[in-house]
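Here the structure is laid out as structure tokens; the discussion comes afterwards.
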Amino acid sequence: MKKLTVLLVALLAILLVACGSDEPETVEVPVEIGGGANSEADTAADDETDLGVTESMDEMPMVDPLNVTGDIIEAGSSTVFPLAEAIAERFIDEGYSGNITIDSIGSGAGFSRFCEAGETDIANASRPIRDSEVESCQAIDRDPIEFRVGTDALAVVVSSDNDFVDDVTFAELQAIFSTAENWSDVRSEWPDEPIQLYIPGTDSGTFDYFVEEVFEEDPEPMLSADPQMSEDDNVLVQGVSASPYAIGFFGYAYYQENQDILQALSIEGVEPSAESVDNNTYPLARPLFIYSDCSVMNDKPQVNDYINYFLTNVNEVINEVGYFPASDDALNQARDSWLNCNN
Amino acid sequence: MASEAPLAPTTRVDTSALDKKPRARETIIQALLFIAGAISILTTVGIVYVLVSQAWLFFSDQQVNIVEFFTGTTWQPRIGRFGVWPLLSATLMITTIAMFVALPAGLGTAIYLSEYAAPRTRARLKPILEILAGIPTVVYGFFALTFMTPLLQSIFGPQVQVFNTLSAGIVVGILIIPMVGSMSEDALQAVPDSLRQAAYGIGATKLETSLRIVVPAAISGIAAAVVVAISRAIGETMVVTIAAGSGPNFTLNPFEAAETLTGHIARISGGDLSYDSVDYNSIFALGLLLFVITLILNMISRRIVARFREVYE
Amino acid sequence: MAQNTTNGFPEGDALQSQISGRHLRGTIWRIVFLSTLILAIIVLIILLVTIFVDGFGLVAVQNVVEPESLVLDYVETDMLTAPDTIASEDDNELVAGIAGDPDGTGFFGYAFYANNSDKLRLVSIENTIPDDTTTSDGSYPLTRPLELISSASVIAAKPQVGQFILYYLQHVNEEIENIGYFAIPDAEISEIELAVMEALGLDTSGSVPMIDPATVSGNITIAGSSTVFPLTERIAERFKADGYGGEINIESIGSSAGIRAFCVDGSIDIANASRKILPEERAACRSNDRDPIESQVGTDAIAVVVNPANTFADNLSLEELGILFTTAAVWSDVDGSWPDNPVHRYIPGADSGTLDFFASTAFDLRLQDLPKDALVAILGAGITENVGRRLEREQRFYNNAVVFNSAEEWVAVCSSDEPPAGCTSEERSQNNVYLLVQERIVQPKILQAWPLTESIFNRQTIIDEVGATYPDARVEFRSWLNRHFLNSPTSSQPELAGFRTAILGSIFVIIICILFALPVGVGAAIYLEEYASQDKWYNRIIQTNIYNLAGVPSIIYGMLGLAIFVRALEPITSGALFGFSDAATANGRTILSAGLTLGLLILPIIIINGQEAIRAVPNSLRQASYGLGATKWDTVRSHVLPGAIPGILTGSILAFSRAIGETAPLIVVGASTFVTVDPTGPFSKFTVMPILIYNWTSRPQKEYQYLAAAGIIILLVLLIIMNSLAIYLRNRTQGKRA
């Protein structure tokens, strides 16, 4: 008996030592998962092949979500929402044990919660912050920092039942979304049916962007056309897909998610796609941001880690979500901003 | 209080103990209960204060003109248009459609249950109506979007938009049937049986008795039920938010999408605008309007019921 | 009124007709009233059925990675990495190896054995050796059919295809042995010929005419299995030699590719296959108007061989076969009576279809049967390191070894103040790891879903449609309401979304609501009924006020809650005052705010209901109590309340069941869109059942509609239970009172 016990103990000891001496290997299981061919690397260094090596990327310290605790409060753009949700789900999956809440309420509302009420740690936005919003932030001792996280190709969509339109010019876009009552008012060969408009609400960065690009910052013509509005892009999808005479616009991800019931129009002959976004030919390509503040990042290290994780992993999820990666320069700038806060 | 008369000439009951502690305790308890009752006052005060103060900020903003508020037909805060009629017209349309559904069904149900049904049948059927009353409004909203709208589209064709007021109105009506039915039935039941017997005595049929004797006798209770139902329809939020539409639209076409007062408040406050902006304060002005309308309707219905009570007591 | 009147009243016939007319009207109206009631009931039934029907139905599911391929990979890796194993794509190399090695063993297509039978010894499997009989009746396990696949539509358009197939069948048995495969009995060939003729709609009464290739014209395109290739090539050569003037194009691209080219692309006329066509492929073919006709032309067998010097191994069971080619180090590992010589294996290489076939046939393994170590390996290959470490820390994989964490890390984290559960938990069972692999590697994805009615009545149409649009998907029945749904948080993927966070949120909110509304409401009711004298002006105001509050729309309460609880009382409701959260980003949108808002909402109802219950207690009870010298509070506490409690309880349950279903005020107060962590206390962010349902309803993907239906079912069940409880209580107390 004693001999057996000694043998067993020795065996166990060997096993444990074997565990300790190198990356654990008591079974024929390749344990160095990080080095495996299939693993999605979570070190910034391994992103080299995707994005091109730059110094700042190498210096982003690795975040271990297992060690991150404490809550994170994020709110803002409904366009950025699917991207933020995907990153947050990954963050949680990889071990984050705190509580993260993300509200999809529109870029404007997101800035107001961040800058006026100080209720959130991160503001998601599909448009840059305005000066007035920066002032409000400073009034509560917050200095907003911009992190570019991706690019959206704003999709102008119609139902897949719509068989008469697949390409519009800027002028026609203006007419459709403001003064034209029937489709035939824009092009005579189109049907003589009333145009049903579905647009993001006035709190939405998407709304602001569209007004800026198509209506030169004057929201009145579009709003006077009595459109259906919602901050919730899913409601817009429901509306547009249900009628061949409906038209709307929202972030590309919502189009990609619903490609079976929607079609995206070409603008001035250019289709929204990775190439046309990359080479700047799609006229409605716009940046996606998250904003935070150094003091928040310092007071709540989990926010700091989360932003790091976001910037490091965003390009692995962004295509699946339905958006397009920001340029390397823009991403590097974001990383530099983060590093500045951390020095 | 207990009298202090002694039971016998030589015995005296010492009742001094009754005077102090219990009375203090009684007063404290009475005070606590009064506070409980007063909390309801605080609620009303709170509602009025919040609505009025924010609405005041709204109306005192230079973009807003109170005349435009009550007469304008465009509601687009972003471009400074604050006419309440698109929202009000949608509310009224939905209420009207709902009444067309709820009143005949509710009254018919009430008359049948009260005048025709055997007590056992009534006992079995009433709970079914109560189930209808207990279904959450979000479920009705789901029903409107996924069943009623496609049904209307198959009947009326593609002119029916995916969000429309007809579908929402019909479903709000269905939602209200139990309320109308139950309150009307109570009113009909409260009519003394002697009236019915007298009618039968002179040879009236059941129909004639019900329609010409009982219903008129209960008319104030029924009228109260109708007014309460209207108030409920005006205040309904979830069905219209899900199924009626999400943009103010001044139209009388029930196949089009339009947003009601309640739907607009829900949509905007869900988004939570910047505090102290005109948009944010506007929802309180709308809330105040809603509150005042439903308050007046409810007070009317209570007046009617009070009058009704007097007649039979 | 009738004509013959004496005192103004109708008489005789006129009287009769008037009376019957009135009765008729009465009946008609009675039917009208009854039908309104029935209409209401029908609407209720339709409502419940619509929801129920959306909660169950068929779904088209596609795995991101098929479990069969995982098993195959595992088995093949096992085989290829076994010690002393040589792999080669060139079967001749294998023959040479075994022939020269007394300890050698291996397998390949029978043709290679047949051509080298002097250098090799055949081993019987399950006491059977491959020959015409055992390969056609299936008693030799390692057989596969050699097939031609075409369709009536193709043959109608190109008669030369049908003629070629018939010629093939008529002459294949003359050639097949030469190639090295096994013939199907002649009788069966004739049957297959007849079946082909029938499928083409030709006359089968006489005998089948011999095809004369000289009379055949037009080109034929064939592609598919590399195993069938040499046979088809030989027959095609003969066809040409016998006078065929057209072109026959044959490509060797694999059975699956061949079937796809035939069915989906429509680019070939005949597919060669070394297996039977799968149901999904059949459906895809049918939907492209190429209803497949399979004609088996022969059988292939895998021969397992040893060196002639090996005299002991003459039979293997399937199990022993598996051991021989994976774990056996010496021959006695396979069968104890065999010698201790080492085993030297010579097998086809990783790219070989023969290896795939052997691996899938010789090993009867499903993914759930794989050993735990293998499953852990599969899991590890497909997830990130961080996820692996988290999974391990939640529950460890092995009691005495770490897989994803490093040893130092594990020791450090387990000896910290709050060690994770995995440090001391039971190790994950094989089934547990299997489920993880299912969820994360296999990843079944729902491509499309249908409601119950369509699933029952249009089942075949759905299956065909799925076969055409998603050839790799399978159709299965799914209940959206299942244990996973109850136990998981919401997610952006419909397959994984669940209701748990919302259920817990609702429970927490209702508890707070009850704790606030019940004492205050009953207290106010007691005050108004027992203590308040109606002639005091403030009491009348309170009473009126309560009735008015009961009629205020619920969204107004939401606005009140937003302004007071969320904003004004933020330090309290966010928990900052009590140190529960960071003052910088404290936010009053918590369970506490939600509960208080709902409490205010139902307070008037509870008060009114309480008043009625108290009023119903007979006054004689009170008078008797006073008569004995009790104070007012004593009377209330010991006589009035007990008598009123059943009524109060009934009404309160109904009020709370209404509160559970309230959505609008909580939207305003701010239930969050994306919350995956369960609420832990009154200061947590939250989402509640009706809001999650609302959220799902507004998503356009139909899968979310079915999820919403499942959520509604849960909500309704909860409400029915509560309402039944209330009605039961009411009936009991009414019984008592009477």
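Here, A, B, ... name the chains of the structure tokens in the order displayed, residue numbers run from 1 inside each chain, and ligands are numbered from 1 in the same displayed order.
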Hey, could you make a per-residue contact list for chain A against chain B with 8 Å as the cut-off, showing the nearest pair of atoms and its distance in Å to one decimal, counting only C-alpha atoms, sorted by chain and number, as a tab-separated table?
residue	atom	partner	partner_atom	distance
A:Ser104	CA	B:Gly271	CA	7.9
A:Ile105	CA	B:Gly271	CA	4.6
A:Gly106	CA	B:Gly271	CA	6.8
A:Gly108	CA	B:Leu273	CA	7.4
A:Ala109	CA	B:Leu273	CA	5.1
A:Ser112	CA	B:Ser274	CA	5.0
A:Arg113	CA	B:Ser274	CA	7.3
A:Glu116	CA	B:Ser274	CA	7.6
A:Thr202	CA	B:Arg78	CA	6.8
A:Asp203	CA	B:Leu273	CA	7.2
A:Pro219	CA	B:Ile79	CA	6.9
A:Glu220	CA	B:Ile79	CA	5.8
A:Leu223	CA	B:Gln76	CA	6.6
A:Ser224	CA	B:Gln76	CA	7.7
A:Asp226	CA	B:Asn249	CA	5.7
A:Pro227	CA	B:Gly247	CA	6.0
A:Gln228	CA	B:Gly247	CA	4.1
A:Met229	CA	B:Gly247	CA	5.0
A:Ser230	CA	B:Ser246	CA	6.1
A:Glu231	CA	B:Gly271	CA	7.0
A:Gln238	CA	B:Val162	CA	7.8
A:Gly239	CA	B:Val162	CA	6.0
A:Ala242	CA	B:Val162	CA	6.0
A:Ser243	CA	B:Gln161	CA	7.1
*asked:* Only residues of chain C matter here; which ones have an atom within 9 Å of chain A, counting only C-alpha atoms? Give them as a PyMOL selection string.
replied: chain C and resi 373-374+376-378+380-391+393+400-408+491-492+584-587+672-678+685+698-701
*Up to 6 Å from chain B, what residues of chain C turn up? Count only C-alpha atoms and give them as a list in words.*
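Residues of chain C within 6 Å of chain B, counting only C-alpha atoms: Gly26, Phe33, Leu34, Thr36, Leu37, Val520, Gly523, Ala524, Tyr527, Pro553, Leu560, Gly661, Ile667 and Val668 of chain C.
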Residues from last step as file, C-alpha atoms, as a PDB file, in the first residue's frame:
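Output (part-v8.pdb):
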ATOM      1  CA  GLY C  26     -86.155  39.745 -29.446  1.00  0.00           C
ATOM      2  CA  PHE C  33     -75.732  40.363 -28.273  1.00  0.00           C
ATOM      3  CA  LEU C  34     -74.565  36.811 -27.948  1.00  0.00           C
ATOM      4  CA  THR C  36     -70.681  40.212 -29.700  1.00  0.00           C
ATOM      5  CA  LEU C  37     -69.688  38.155 -26.704  1.00  0.00           C
ATOM      6  CA  VAL C 520     -48.707  52.684   1.805  1.00  0.00           C
ATOM      7  CA  GLY C 523     -52.472  52.319   5.143  1.00  0.00           C
ATOM      8  CA  ALA C 524     -54.149  54.986   3.063  1.00  0.00           C
ATOM      9  CA  TYR C 527     -57.139  55.916   6.943  1.00  0.00           C
ATOM     10  CA  PRO C 553     -52.224  57.326 -18.362  1.00  0.00           C
ATOM     11  CA  LEU C 560     -42.919  61.594 -13.080  1.00  0.00           C
ATOM     12  CA  GLY C 661     -47.026  43.918 -17.792  1.00  0.00           C
ATOM     13  CA  ILE C 667     -39.275  52.867 -21.186  1.00  0.00           C
ATOM     14  CA  VAL C 668     -39.303  56.446 -19.999  1.00  0.00           C
TER      15      VAL C 668
END
*Among region 148-341 of chain C, which residues carry a DSSP assignment of strand (DSSP E), reported as JSON, numbers by chain?*
{"C": [148, 149, 150, 151, 220, 221, 222, 223, 224, 248, 249, 250, 251, 252, 270, 271, 272, 273, 292, 293, 294, 295, 296, 297, 298, 299, 300, 301, 302, 303, 304, 305, 306, 315, 316]}
*asked:* Which of region 170-219 of chain A end up as helix (DSSP H, G or I) when DSSP is run on this backbone - answer as a list in words?
replied: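 Of region 170-219 of chain A, only Phe170, Ala171, Glu172, Leu173, Gln174, Ala175, Ile176, Phe177, Trp183, Ser184, Asp185, Gly205, Thr206, Phe207, Asp208, Tyr209, Phe210, Val211, Glu212, Glu213, Val214 and Phe215 of chain A fall in helix (DSSP H, G or I).
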Restricted to C-alpha atoms, what would the selected residues look like written as an mmCIF file, in the first residue's frame?
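The file below, out-v6.cif, is the result:
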data_model
loop_
_atom_site.group_PDB
_atom_site.id
_atom_site.type_symbol
_atom_site.label_atom_id
_atom_site.label_comp_id
_atom_site.auth_asym_id
_atom_site.auth_seq_id
_atom_site.Cartn_x
_atom_site.Cartn_y
_atom_site.Cartn_z
ATOM 1 C CA PHE A 170 -27.763 63.647 -55.304
ATOM 2 C CA ALA A 171 -30.370 65.909 -56.820
ATOM 3 C CA GLU A 172 -32.876 63.071 -56.995
ATOM 4 C CA LEU A 173 -32.047 62.121 -53.418
ATOM 5 C CA GLN A 174 -32.847 65.650 -52.350
ATOM 6 C CA ALA A 175 -36.134 65.596 -54.198
ATOM 7 C CA ILE A 176 -37.166 62.177 -52.899
ATOM 8 C CA PHE A 177 -36.529 63.123 -49.309
ATOM 9 C CA TRP A 183 -42.155 58.636 -57.179
ATOM 10 C CA SER A 184 -43.168 59.849 -60.632
ATOM 11 C CA ASP A 185 -42.405 63.423 -59.571
ATOM 12 C CA GLY A 205 -25.903 61.363 -35.937
ATOM 13 C CA THR A 206 -27.036 59.649 -39.095
ATOM 14 C CA PHE A 207 -29.751 62.237 -39.468
ATOM 15 C CA ASP A 208 -27.257 65.060 -38.964
ATOM 16 C CA TYR A 209 -24.854 63.555 -41.446
ATOM 17 C CA PHE A 210 -27.480 63.073 -44.140
ATOM 18 C CA VAL A 211 -28.771 66.604 -43.701
ATOM 19 C CA GLU A 212 -25.227 67.895 -43.920
ATOM 20 C CA GLU A 213 -24.329 65.982 -47.060
ATOM 21 C CA VAL A 214 -27.556 66.060 -48.995
ATOM 22 C CA PHE A 215 -29.285 69.168 -47.738
#
*Point out the residue among A:Phe250, A:Val149, A:Leu339, A:Pro194 with the least atom-to-atom distance to Ser327 (chain A), counting only C-alpha atoms.*
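For Ser327 (chain A), the nearest of the given residues is A:Val149.
Near region 189-192 of chain B, within a cut-off of 7 Å and counting only C-alpha atoms, sit the residues Ser114, Glu185, Asp186, Leu195, Val214, Ala217 and Ala218 of chain B, with same-chain residues fewer than 3 positions away left out.
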Find the spatial neighbours of Ile714 (chain C), counting only C-alpha atoms, within a cut-off of 12 Å - ignore same-chain residues fewer than 2 positions away - and output them as a PDB file with C-alpha atoms, in the first residue's frame.
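This went into selection-v2.pdb:
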ATOM      1  CA  VAL B 139     -48.735  41.737 -26.274  1.00  0.00           C
TER       2      VAL B 139
ATOM      3  CA  ILE C  51     -48.667  33.928 -30.222  1.00  0.00           C
ATOM      4  CA  PHE C  52     -48.511  30.236 -29.547  1.00  0.00           C
ATOM      5  CA  GLY C  55     -43.341  30.089 -30.502  1.00  0.00           C
ATOM      6  CA  TRP C 480     -38.263  28.726 -29.132  1.00  0.00           C
ATOM      7  CA  LEU C 481     -39.383  28.266 -25.565  1.00  0.00           C
ATOM      8  CA  ASN C 482     -36.828  25.894 -24.118  1.00  0.00           C
ATOM      9  CA  ARG C 483     -34.600  25.563 -21.116  1.00  0.00           C
ATOM     10  CA  PHE C 485     -34.183  30.376 -23.398  1.00  0.00           C
ATOM     11  CA  LEU C 486     -35.077  30.566 -19.740  1.00  0.00           C
ATOM     12  CA  GLY C 498     -32.621  34.179 -23.754  1.00  0.00           C
ATOM     13  CA  PHE C 499     -34.993  35.684 -21.269  1.00  0.00           C
ATOM     14  CA  ARG C 500     -33.228  35.253 -17.968  1.00  0.00           C
ATOM     15  CA  ALA C 502     -35.574  40.112 -18.042  1.00  0.00           C
ATOM     16  CA  ILE C 503     -37.272  37.584 -15.767  1.00  0.00           C
ATOM     17  CA  ILE C 660     -45.608  43.235 -14.351  1.00  0.00           C
ATOM     18  CA  GLY C 661     -47.026  43.918 -17.792  1.00  0.00           C
ATOM     19  CA  MET C 689     -39.917  41.191 -19.541  1.00  0.00           C
ATOM     20  CA  PRO C 690     -42.307  43.464 -21.425  1.00  0.00           C
ATOM     21  CA  ILE C 693     -40.458  41.671 -25.715  1.00  0.00           C
ATOM     22  CA  LEU C 707     -38.344  34.901 -29.564  1.00  0.00           C
ATOM     23  CA  ALA C 708     -40.826  37.612 -28.632  1.00  0.00           C
ATOM     24  CA  ALA C 709     -43.620  35.053 -28.871  1.00  0.00           C
ATOM     25  CA  ALA C 710     -41.746  32.713 -26.548  1.00  0.00           C
ATOM     26  CA  GLY C 711     -41.225  35.556 -24.091  1.00  0.00           C
ATOM     27  CA  ILE C 712     -44.893  36.464 -24.267  1.00  0.00           C
ATOM     28  CA  LEU C 716     -48.814  35.165 -19.963  1.00  0.00           C
ATOM     29  CA  VAL C 717     -48.277  31.965 -18.014  1.00  0.00           C
ATOM     30  CA  LEU C 718     -47.040  34.012 -15.091  1.00  0.00           C
ATOM     31  CA  LEU C 719     -50.058  36.309 -15.309  1.00  0.00           C
ATOM     32  CA  ILE C 720     -52.508  33.437 -15.593  1.00  0.00           C
ATOM     33  CA  ILE C 721     -51.060  31.914 -12.455  1.00  0.00           C
TER      34      ILE C 721
END
_Near-Val334 (chain C) list (10 Å; only C-alpha atoms; drop same-chain fewer than 6 positions) as number ranges by chain_ = C: 313, 316-317, 319-325, 327-328, 343
*Kindly give the distance, in Å, that separates CA of Glu146 (chain A) and CA of Ala274 (chain A), rounded to a single decimal.*
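Computing the Euclidean distance for CA of Glu146 (chain A) and CA of Ala274 (chain A) yields 23.6 Å.
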*Between CA of Asn458 (chain C) and CA of Cys263 (chain C), what is the distance, to one decimal in Å?*
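Value for the CA of Asn458 (chain C)-CA of Cys263 (chain C) distance: 23.3 Å.
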*Could you name the residues that touch Val228 (chain C) at 9 Å or less, counting only C-alpha atoms, but leaving out those on the same chain fewer than 6 positions away, as an MDAnalysis selection string?*
chainID C and resid 146:148 252 272:274 300
Could the residues in this selection be saved with C-alpha atoms as a tab-separated table (two decimals), in the first residue's frame?
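Generated file (part.tsv):
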chain	number	residue	atom	x	y	z
C	146	LEU	CA	-20.32	3.21	-57.57
C	147	GLU	CA	-23.14	5.21	-59.13
C	148	LEU	CA	-24.19	7.24	-62.10
C	252	SER	CA	-12.45	13.64	-61.82
C	272	ASN	CA	-20.16	9.92	-61.00
C	273	ALA	CA	-20.48	9.21	-57.31
C	274	SER	CA	-18.91	6.77	-54.86
C	300	ASP	CA	-15.85	-0.86	-54.51
*For Gly599 (chain C), list every protein, DNA or RNA residue within 9 Å, evaluated using only C-alpha atoms, and leave out those in the same chain fewer than 2 positions away; present the list as a list in words.*
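The contact residues come out as Ile510, Ile512, Cys513, Ile514, Leu515, Phe516, Ala517, Leu518, Ala594, Gly595, Leu596, Thr597, Leu601, Ile602, Leu603 and Ala659 of chain C.
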*Atom pair CA of Ile97 (chain B) / CA of Asn164 (chain B): separation (Å)*: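 Separation between CA of Ile97 (chain B) and CA of Asn164 (chain B): 12.1 Å.
Using only C-alpha atoms, the smallest distance between any of C:Phe312, C:Leu447, C:Leu367, C:Gly505 and Gln493 (chain C) comes from C:Leu447.
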